[in-house]
file structure.cif (mmCIF, C-alpha atoms and all ligand atoms)
data_upload
#
loop_
_atom_site.label_atom_id
_atom_site.label_comp_id
_atom_site.auth_asym_id
_atom_site.auth_seq_id
_atom_site.Cartn_x
_atom_site.Cartn_y
_atom_site.Cartn_z
CA MET A 41 -27.67 89.93 112.22
CA LYS A 42 -30.16 88.04 114.40
CA ILE A 43 -30.38 88.37 118.19
CA GLY A 44 -32.55 86.38 120.57
CA ILE A 45 -33.80 87.91 123.79
CA ILE A 46 -35.22 85.71 126.54
CA GLY A 47 -36.98 87.44 129.36
CA GLY A 48 -40.10 87.67 131.43
CA THR A 49 -42.66 90.35 132.12
CA GLY A 50 -42.02 93.86 130.91
CA PHE A 51 -40.37 93.02 127.62
CA TYR A 52 -43.37 93.21 125.30
CA ASN A 53 -42.80 96.90 124.79
CA LEU A 54 -39.04 96.47 124.37
CA LEU A 55 -39.53 97.48 120.73
CA ASP A 56 -42.42 98.98 118.80
CA ASP A 57 -44.59 96.86 116.54
CA MET A 58 -43.30 93.45 117.49
CA GLN A 59 -44.81 90.78 115.26
CA GLU A 60 -46.07 87.64 116.89
CA LYS A 61 -44.93 84.37 115.35
CA THR A 62 -45.45 80.72 116.21
CA VAL A 63 -42.49 78.38 115.76
CA TYR A 64 -43.20 74.66 115.51
CA THR A 65 -40.42 72.40 116.81
CA GLU A 66 -40.27 68.67 117.45
CA TYR A 67 -40.51 69.50 121.18
CA GLY A 68 -43.57 71.72 120.90
CA GLU A 69 -44.82 75.12 119.71
CA VAL A 70 -43.27 78.37 120.84
CA THR A 71 -44.57 81.93 120.55
CA VAL A 72 -42.02 84.64 119.81
CA PHE A 73 -42.19 88.35 118.96
CA GLN A 74 -40.01 89.92 116.30
CA ALA A 75 -38.94 93.41 115.26
CA TYR A 76 -35.91 95.22 113.86
CA TYR A 77 -33.65 97.41 115.99
CA GLU A 78 -30.35 99.02 114.97
CA GLY A 79 -30.42 96.98 111.76
CA LYS A 80 -30.70 93.69 113.68
CA GLU A 81 -33.54 91.22 113.63
CA VAL A 82 -34.58 90.89 117.26
CA THR A 83 -36.61 87.91 118.43
CA PHE A 84 -38.08 88.12 121.90
CA LEU A 85 -39.04 84.84 123.52
CA PRO A 86 -41.16 85.16 126.67
CA ARG A 87 -39.72 82.37 128.80
CA HIS A 88 -42.93 81.73 130.73
CA GLY A 89 -45.13 81.73 127.65
CA LYS A 90 -47.25 84.31 125.90
CA TYR A 91 -49.48 84.78 128.96
CA HIS A 92 -46.68 84.53 131.55
CA ASP A 93 -48.50 81.69 133.18
CA THR A 94 -46.04 78.80 132.92
CA LEU A 95 -44.11 78.32 136.15
CA ALA A 96 -40.37 77.61 135.93
CA PRO A 97 -40.51 73.80 136.31
CA PHE A 98 -43.13 73.53 133.55
CA VAL A 99 -41.47 75.75 130.95
CA ASN A 100 -40.73 73.79 127.77
CA TYR A 101 -37.05 74.76 127.70
CA ARG A 102 -36.15 72.34 124.93
CA ALA A 103 -38.83 73.76 122.63
CA ASN A 104 -37.88 77.35 123.52
CA MET A 105 -34.19 76.94 122.71
CA MET A 106 -34.85 74.82 119.62
CA ALA A 107 -37.25 77.46 118.28
CA LEU A 108 -34.51 80.10 118.47
CA LYS A 109 -32.07 77.71 116.80
CA GLU A 110 -34.54 77.03 114.00
CA LEU A 111 -34.96 80.78 113.47
CA GLY A 112 -31.22 80.92 112.73
CA ILE A 113 -30.31 82.75 115.95
CA GLN A 114 -26.70 82.33 117.07
CA ARG A 115 -26.65 84.74 119.98
CA ILE A 116 -29.02 85.08 122.94
CA LEU A 117 -29.11 87.79 125.58
CA ALA A 118 -31.19 86.61 128.51
CA PHE A 119 -32.60 88.33 131.53
CA SER A 120 -33.93 86.80 134.77
CA ALA A 121 -35.14 87.63 138.23
CA VAL A 122 -33.30 85.87 141.07
CA GLY A 123 -33.06 85.78 144.84
CA ALA A 124 -29.85 87.12 146.37
CA ILE A 125 -27.93 84.77 148.68
CA ASN A 126 -24.78 86.88 148.94
CA PRO A 127 -25.66 89.72 151.35
CA ASP A 128 -23.51 92.10 149.28
CA ILE A 129 -26.06 91.88 146.46
CA GLN A 130 -28.82 94.41 147.04
CA VAL A 131 -32.44 94.02 146.05
CA GLY A 132 -32.92 95.90 142.77
CA SER A 133 -29.30 95.43 141.62
CA LEU A 134 -28.09 93.74 138.45
CA SER A 135 -25.58 90.88 138.22
CA LEU A 136 -23.89 89.15 135.29
CA LEU A 137 -23.83 85.37 135.65
CA ASP A 138 -20.47 83.65 135.29
CA GLN A 139 -20.96 80.11 136.65
CA PHE A 140 -23.78 77.90 137.88
CA VAL A 141 -24.52 74.79 139.91
CA ASP A 142 -27.51 72.92 138.54
CA PHE A 143 -29.85 71.36 141.11
CA THR A 144 -32.77 70.86 138.76
CA THR A 145 -34.22 67.47 137.86
CA ARG A 146 -36.09 68.50 134.71
CA GLU A 147 -35.50 67.64 131.04
CA LYS A 148 -32.37 69.61 130.17
CA THR A 149 -30.65 67.93 127.26
CA TYR A 150 -31.34 67.00 123.66
CA GLY A 151 -29.44 63.82 124.50
CA LYS A 152 -27.22 63.74 121.43
CA PHE A 153 -23.74 64.28 122.92
CA SER A 154 -21.79 65.46 125.97
CA VAL A 155 -21.01 69.12 125.80
CA ASP A 156 -18.12 71.11 127.33
CA ILE A 157 -19.64 73.62 129.72
CA THR A 158 -16.54 74.54 131.78
CA GLU A 159 -17.41 78.16 131.04
CA PRO A 160 -21.20 78.05 130.67
CA PHE A 161 -21.77 81.60 129.37
CA CYS A 162 -20.47 83.20 126.17
CA PRO A 163 -17.47 85.43 127.03
CA GLU A 164 -18.22 87.77 124.13
CA LEU A 165 -21.82 88.36 125.16
CA GLN A 166 -20.70 88.78 128.77
CA GLU A 167 -18.43 91.53 127.51
CA THR A 168 -21.32 93.03 125.56
CA TYR A 169 -23.37 93.16 128.75
CA ARG A 170 -20.48 94.67 130.76
CA ASN A 171 -19.85 97.36 128.16
CA SER A 172 -23.54 98.14 127.81
CA ALA A 173 -24.02 98.56 131.57
CA GLU A 174 -21.05 100.91 131.62
CA LEU A 175 -22.43 102.92 128.72
CA ILE A 176 -25.78 103.45 130.44
CA ASP A 177 -24.04 104.05 133.77
CA GLU A 178 -25.68 101.17 135.61
CA PRO A 179 -23.65 99.10 138.12
CA LEU A 180 -23.34 95.46 137.06
CA ARG A 181 -21.88 92.90 139.44
CA VAL A 182 -19.59 90.42 137.64
CA GLY A 183 -18.37 86.92 138.51
CA THR A 184 -21.79 85.91 139.87
CA LYS A 185 -22.51 82.26 140.70
CA LEU A 186 -26.05 80.94 140.34
CA ILE A 187 -27.59 77.92 141.96
CA CYS A 188 -30.45 76.73 139.79
CA VAL A 189 -33.33 74.95 141.52
CA ASP A 190 -36.55 73.42 140.20
CA GLY A 191 -39.07 75.56 142.03
CA PRO A 192 -41.76 76.72 141.88
CA ARG A 193 -41.49 76.85 145.68
CA TYR A 194 -38.94 79.17 147.21
CA GLU A 195 -36.02 77.81 149.26
CA THR A 196 -35.82 76.82 152.92
CA LYS A 197 -33.54 78.66 155.28
CA ALA A 198 -31.26 75.59 155.52
CA GLU A 199 -30.99 75.36 151.72
CA VAL A 200 -30.01 79.00 151.45
CA GLN A 201 -27.44 78.64 154.26
CA LEU A 202 -25.94 75.65 152.46
CA PHE A 203 -25.89 77.40 149.08
CA GLY A 204 -24.20 80.40 150.73
CA LYS A 205 -21.50 78.16 152.23
CA TRP A 206 -20.90 76.74 148.79
CA GLY A 207 -20.15 80.24 147.54
CA MET A 208 -23.35 80.70 145.57
CA ASP A 209 -24.40 84.33 145.05
CA VAL A 210 -27.92 84.05 143.68
CA VAL A 211 -30.65 81.44 143.37
CA GLY A 212 -32.86 81.09 140.31
CA MET A 213 -34.97 78.53 138.48
CA THR A 214 -34.26 78.83 134.76
CA ASN A 215 -30.81 79.87 133.55
CA ALA A 216 -28.77 76.68 134.03
CA THR A 217 -31.26 74.81 131.87
CA GLU A 218 -31.21 77.44 129.13
CA ALA A 219 -27.41 77.68 129.20
CA SER A 220 -26.96 73.91 128.89
CA LEU A 221 -29.37 73.63 125.97
CA ALA A 222 -27.88 76.70 124.26
CA ARG A 223 -24.43 75.12 124.45
CA GLU A 224 -25.73 71.84 123.01
CA LEU A 225 -27.17 73.82 120.12
CA GLY A 226 -23.98 75.85 119.66
CA ILE A 227 -25.73 79.12 120.52
CA CYS A 228 -23.99 81.94 122.44
CA TYR A 229 -25.86 82.74 125.64
CA ALA A 230 -25.34 85.18 128.52
CA VAL A 231 -27.59 86.36 131.36
CA VAL A 232 -28.06 89.44 133.47
CA THR A 233 -30.11 88.92 136.62
CA LEU A 234 -32.13 91.30 138.75
CA ALA A 235 -32.24 90.53 142.47
CA THR A 236 -35.92 90.88 143.34
CA ASN A 237 -35.58 89.60 146.89
CA MET A 238 -33.05 88.40 149.43
CA ALA A 239 -33.22 84.61 149.65
CA PRO A 240 -35.10 83.12 152.62
CA GLY A 241 -33.08 83.23 155.81
CA VAL A 242 -30.77 86.01 154.55
CA THR A 243 -33.52 88.40 155.61
CA GLU A 244 -36.69 88.13 157.67
CA THR A 245 -38.76 89.39 154.74
CA LYS A 246 -40.51 86.48 153.07
CA PRO A 247 -40.23 86.13 149.27
CA SER A 248 -43.48 86.79 147.43
CA LEU A 249 -44.71 87.31 143.91
CA LYS A 250 -45.99 90.74 144.94
CA ALA A 251 -42.57 91.91 146.16
CA HIS A 252 -40.92 90.39 143.10
CA LYS A 253 -43.26 92.26 140.76
CA ALA A 254 -42.80 95.54 142.63
CA VAL A 255 -38.99 95.37 142.27
CA SER A 256 -39.25 94.32 138.61
CA GLU A 257 -41.61 97.22 137.93
CA SER A 258 -39.37 99.78 139.65
CA LYS A 259 -36.37 98.62 137.60
CA LYS A 260 -38.21 98.14 134.31
CA GLU A 261 -36.95 101.22 132.46
CA LYS A 262 -33.31 100.64 133.41
CA VAL A 263 -33.49 97.00 132.36
CA LYS A 264 -35.05 98.01 129.05
CA GLU A 265 -32.27 100.55 128.50
CA LEU A 266 -29.65 97.89 129.23
CA MET A 267 -31.22 95.37 126.86
CA LEU A 268 -31.52 97.92 124.03
CA GLU A 269 -27.90 98.99 124.51
CA ALA A 270 -26.81 95.33 124.56
CA ILE A 271 -28.67 94.64 121.30
CA LYS A 272 -26.90 97.65 119.80
CA GLN A 273 -23.48 96.57 121.09
CA ALA A 274 -23.76 92.86 120.27
CA GLY A 275 -21.69 91.89 117.26
CA GLU A 276 -21.31 88.78 115.17
CA ARG A 277 -19.49 85.92 116.82
CA GLN A 278 -15.71 86.45 116.85
CA LYS A 279 -13.56 83.90 118.63
CA CYS A 280 -15.80 82.30 121.27
CA SER A 281 -15.94 78.52 121.32
CA CYS A 282 -19.70 78.26 122.01
CA PRO A 283 -20.52 76.48 118.69
CA GLU A 284 -17.56 74.06 118.68
CA ALA A 285 -19.10 71.02 120.38
CA TYR A 286 -22.24 71.32 118.27
CA GLU A 287 -20.28 71.63 115.05
CA ARG A 288 -18.15 68.60 115.96
CA ALA A 289 -21.28 66.58 116.71
CA VAL A 290 -22.87 67.59 113.40
CA LEU A 291 -19.67 66.63 111.54
CA ALA A 292 -19.49 63.30 113.36
CA ASN A 293 -23.05 62.47 112.34
CA SER A 294 -22.72 63.51 108.72
ZN ZN B 301 -20.23 82.67 122.16
#
call {"tool": "encode", "arguments": {"input": "structure.cif", "output": "structure tokens", "more": "lines below"}}
Ligand SMILES: [Zn+2]
result
Amino acid sequence: MKIGIIGGTGFYNLLDDMQEKTVYTEYGEVTVFQAYYEGKEVTFLPRHGKYHDTLAPFVNYRANMMALKELGIQRILAFSAVGAINPDIQVGSLSLLDQFVDFTTREKTYGKFSVDITEPFCPELQETYRNSAELIDEPLRVGTKLICVDGPRYETKAEVQLFGKWGMDVVGMTNATEASLARELGICYAVVTLATNMAPGVTETKPSLKAHKAVSESKKEKVKELMLEAIKQAGERQKCSCPEAYERAVLANS
């Protein structure tokens, strides 16, 4: 079985002896790292590029997701850092995304057909994440709503107040785009987020890359444990409908 992992810093040592590979897609080249774990072929895709230097609005999302598709990956476990809007979410805590509102203006479709995204994340992989968190005894907030913004700037106080009134729990810059493209490609996709700061206006502390890195670093081992457990727990696709729209589109074009 093949599993894709999308994450940021701190994942290079997820597994020993990961082999670097370049995947060429019609949208661009993508660098991935591969190794075997628990009998599964694991492909790690560093979202912000090999050198972590591509900011969220400039990530080539279409190439990233297409590269995983071309490697034959049907299931992706993703991980992201976010800002917490909901004051009940503490800095350093993990949340499982359930819904999103997409405020981004970037390229976020392959433009071939309209896809059903009523439930944007794979219910089976969400279950995998919930079970894995329980097994490693790490609290995981469920039912989390993300508002996805372009970035790279952080949000204004008024934006965060508005997002909060809309019932949004966390703010991030990447996952709505990945989820939409995954669905278009018929790939299962689910995300756990780490709150690395309270969103602007929720607290007086200003968001910064330094604070974000410090929280990520302090949580690194637990996140690694969760991801390894999730890889172990993830099974082949059972009954989820993630591939349906894609399969229908392929049939219609054949
Ligand atoms: Zn699925």
call {"tool": "atom_distance", "arguments": {"input": "structure.cif", "atom1": "CA of Asp57 (chain A)", "atom2": "CA of Met105 (chain A)"}}
result
23.3 Å
call {"tool": "axis_aligned_box", "arguments": {"input": "structure.cif", "around": "region 206-223 of chain A", "padding_each_side": "4 Å", "output": "JSON"}}
result
{"center_x": -27.6, "center_y": 79.0, "center_z": 136.5, "size_x": 22.8, "size_y": 18.7, "size_z": 32.5}
call {"tool": "residues_near_point", "arguments": {"input": "structure.cif", "point": "(-32.0, 97.1, 125.3)", "cutoff": "10 Å", "atoms": "only C-alpha atoms", "output": "PyMOL selection string"}}
result
chain A and resi 45+51+54-55+77+117+172+261-273
call {"tool": "closest_residue", "arguments": {"input": "structure.cif", "among": "A:Val63, A:Ala230, A:Leu165, A:Val182", "to": "Glu110 (chain A)", "atoms": "only C-alpha atoms"}}
result
A:Val63
call {"tool": "atom_distance", "arguments": {"input": "structure.cif", "atom1": "CA of Asn215 (chain A)", "atom2": "CA of Ala289 (chain A)"}}
result
23.5 Å
call {"tool": "closest_residue", "arguments": {"input": "structure.cif", "among": "A:Gln130, A:Ser154, A:Thr145, A:Thr71", "to": "Met58 (chain A)", "atoms": "all atoms listed in the file"}}
result
A:Thr71
call {"tool": "residues_near_ligand", "arguments": {"input": "structure.cif", "ligand": "ligand ZN 301 (chain B)", "cutoff": "10 Å", "atoms": "all atoms listed in the file", "output": "MDAnalysis selection string"}}
result
chainID A and resid 114:116 160:166 222:223 226:230 276:284
call {"tool": "residues_around", "arguments": {"input": "structure.cif", "residues": "region 187-194 of chain A", "least_positions_apart": "6", "cutoff": "10 Å", "atoms": "all atoms listed in the file", "output": "ChimeraX atom specification"}}
result
/A:95-98,122-123,125,139-146,200,203-204,206-217,239-240,246-248
call {"tool": "closest_residue", "arguments": {"input": "structure.cif", "among": "A:Glu81, A:Glu66, A:Asp138, A:Asp128", "to": "Glu159 (chain A)", "atoms": "all atoms listed in the file"}}
result
A:Asp138
call {"tool": "closest_residue", "arguments": {"input": "structure.cif", "among": "A:Lys90, A:Arg102, A:Lys197, A:Lys80", "to": "Glu244 (chain A)", "atoms": "only C-alpha atoms"}}
result
A:Lys197
call {"tool": "closest_atom_pairs", "arguments": {"input": "structure.cif", "of": "region 99-189 of chain A", "to": "region 83-89 of chain A", "cutoff": "10 Å", "atoms": "all atoms listed in the file", "output": "CSV"}}
result
residue,atom,partner,partner_atom,distance
A:Val99,CA,A:His88,CA,6.2
A:Asn100,CA,A:Arg87,CA,8.7
A:Tyr101,CA,A:Arg87,CA,8.1
A:Asn104,CA,A:Arg87,CA,7.5
A:Met105,CA,A:Leu85,CA,9.3
A:Ala107,CA,A:Leu85,CA,9.2
A:Leu108,CA,A:Thr83,CA,8.1
A:Leu111,CA,A:Thr83,CA,8.8
A:Ile113,CA,A:Thr83,CA,8.5
A:Ile116,CA,A:Thr83,CA,9.3
A:Leu117,CA,A:Phe84,CA,9.7
A:Ala118,CA,A:Leu85,CA,9.5
A:Phe119,CA,A:Arg87,CA,9.7
A:Ser120,CA,A:Arg87,CA,9.4
call {"tool": "atom_distance", "arguments": {"input": "structure.cif", "atom1": "CA of Leu221 (chain A)", "atom2": "CA of Ser133 (chain A)"}}
result
26.8 Å
call {"tool": "residues_around", "arguments": {"input": "structure.cif", "residues": "Val255 (chain A)", "least_positions_apart": "2", "cutoff": "8 Å", "atoms": "only C-alpha atoms", "output": "JSON, numbers by chain"}}
result
{"A": [131, 132, 236, 251, 252, 253, 257, 258, 259]}
call {"tool": "closest_residue", "arguments": {"input": "structure.cif", "among": "A:Val70, A:Asp177, A:Ser220, A:Glu199", "to": "Gly151 (chain A)", "atoms": "only C-alpha atoms"}}
result
A:Ser220
call {"tool": "closest_residue", "arguments": {"input": "structure.cif", "among": "A:Val82, A:Leu137, A:Val72, A:Ala121", "to": "Gly48 (chain A)", "atoms": "only C-alpha atoms"}}
result
A:Ala121
call {"tool": "residues_around", "arguments": {"input": "structure.cif", "residues": "Thr65 (chain A)", "least_positions_apart": "4", "cutoff": "7 Å", "atoms": "all atoms listed in the file", "output": "ChimeraX atom specification"}}
result
/A:69,103,106-107
call {"tool": "write_last_selection", "arguments": {"input": "structure.cif", "atoms": "C-alpha atoms", "output": "mmCIF file, keeping the file's coordinate frame"}}
result
data_model
loop_
_atom_site.group_PDB
_atom_site.id
_atom_site.type_symbol
_atom_site.label_atom_id
_atom_site.label_comp_id
_atom_site.auth_asym_id
_atom_site.auth_seq_id
_atom_site.Cartn_x
_atom_site.Cartn_y
_atom_site.Cartn_z
ATOM 1 C CA GLU A 69 -44.820 75.120 119.710
ATOM 2 C CA ALA A 103 -38.830 73.760 122.630
ATOM 3 C CA MET A 106 -34.850 74.820 119.620
ATOM 4 C CA ALA A 107 -37.250 77.460 118.280
#
call {"tool": "decode", "arguments": {"input": "structure.cif", "residues": "region 65-107 of chain A", "atoms": "C-alpha atoms", "output": "PDB file, in the first residue's frame"}}
result
ATOM      1  CA  THR A  65       4.372  16.634 -13.977  1.00  0.00           C
ATOM      2  CA  GLU A  66       2.767  18.843 -16.598  1.00  0.00           C
ATOM      3  CA  TYR A  67       2.496  21.531 -13.881  1.00  0.00           C
ATOM      4  CA  GLY A  68       6.138  21.395 -12.823  1.00  0.00           C
ATOM      5  CA  GLU A  69       8.741  19.302 -10.980  1.00  0.00           C
ATOM      6  CA  VAL A  70       8.257  18.111  -7.436  1.00  0.00           C
ATOM      7  CA  THR A  71      10.770  16.681  -4.969  1.00  0.00           C
ATOM      8  CA  VAL A  72       9.571  13.871  -2.716  1.00  0.00           C
ATOM      9  CA  PHE A  73      11.239  11.517  -0.229  1.00  0.00           C
ATOM     10  CA  GLN A  74      10.377   7.837  -0.043  1.00  0.00           C
ATOM     11  CA  ALA A  75      10.864   4.962   2.388  1.00  0.00           C
ATOM     12  CA  TYR A  76       9.050   1.875   3.641  1.00  0.00           C
ATOM     13  CA  TYR A  77       7.329   1.711   7.017  1.00  0.00           C
ATOM     14  CA  GLU A  78       5.118  -1.077   8.366  1.00  0.00           C
ATOM     15  CA  GLY A  79       5.128  -2.663   4.912  1.00  0.00           C
ATOM     16  CA  LYS A  80       3.798   0.519   3.283  1.00  0.00           C
ATOM     17  CA  GLU A  81       5.508   2.690   0.719  1.00  0.00           C
ATOM     18  CA  VAL A  82       5.574   6.141   2.292  1.00  0.00           C
ATOM     19  CA  THR A  83       6.112   9.229   0.159  1.00  0.00           C
ATOM     20  CA  PHE A  84       6.798  12.457   1.996  1.00  0.00           C
ATOM     21  CA  LEU A  85       6.151  15.655   0.079  1.00  0.00           C
ATOM     22  CA  PRO A  86       7.543  18.807   1.707  1.00  0.00           C
ATOM     23  CA  ARG A  87       4.785  21.299   0.919  1.00  0.00           C
ATOM     24  CA  HIS A  88       7.062  24.331   0.877  1.00  0.00           C
ATOM     25  CA  GLY A  89       9.716  22.671  -1.259  1.00  0.00           C
ATOM     26  CA  LYS A  90      12.941  20.845  -0.555  1.00  0.00           C
ATOM     27  CA  TYR A  91      14.494  23.897   1.118  1.00  0.00           C
ATOM     28  CA  HIS A  92      11.307  25.061   2.895  1.00  0.00           C
ATOM     29  CA  ASP A  93      11.610  28.377   1.174  1.00  0.00           C
ATOM     30  CA  THR A  94       8.389  28.611  -0.840  1.00  0.00           C
ATOM     31  CA  LEU A  95       5.786  30.717   0.939  1.00  0.00           C
ATOM     32  CA  ALA A  96       2.170  29.485   0.948  1.00  0.00           C
ATOM     33  CA  PRO A  97       0.856  31.638  -1.944  1.00  0.00           C
ATOM     34  CA  PHE A  98       3.723  30.523  -4.195  1.00  0.00           C
ATOM     35  CA  VAL A  99       3.554  26.775  -3.551  1.00  0.00           C
ATOM     36  CA  ASN A 100       2.851  24.880  -6.769  1.00  0.00           C
ATOM     37  CA  TYR A 101      -0.134  23.004  -5.340  1.00  0.00           C
ATOM     38  CA  ARG A 102      -1.240  21.584  -8.673  1.00  0.00           C
ATOM     39  CA  ALA A 103       2.187  20.066  -9.313  1.00  0.00           C
ATOM     40  CA  ASN A 104       2.423  18.743  -5.743  1.00  0.00           C
ATOM     41  CA  MET A 105      -0.914  16.925  -5.834  1.00  0.00           C
ATOM     42  CA  MET A 106      -0.428  15.690  -9.400  1.00  0.00           C
ATOM     43  CA  ALA A 107       2.988  14.261  -8.466  1.00  0.00           C
TER      44      ALA A 107
END
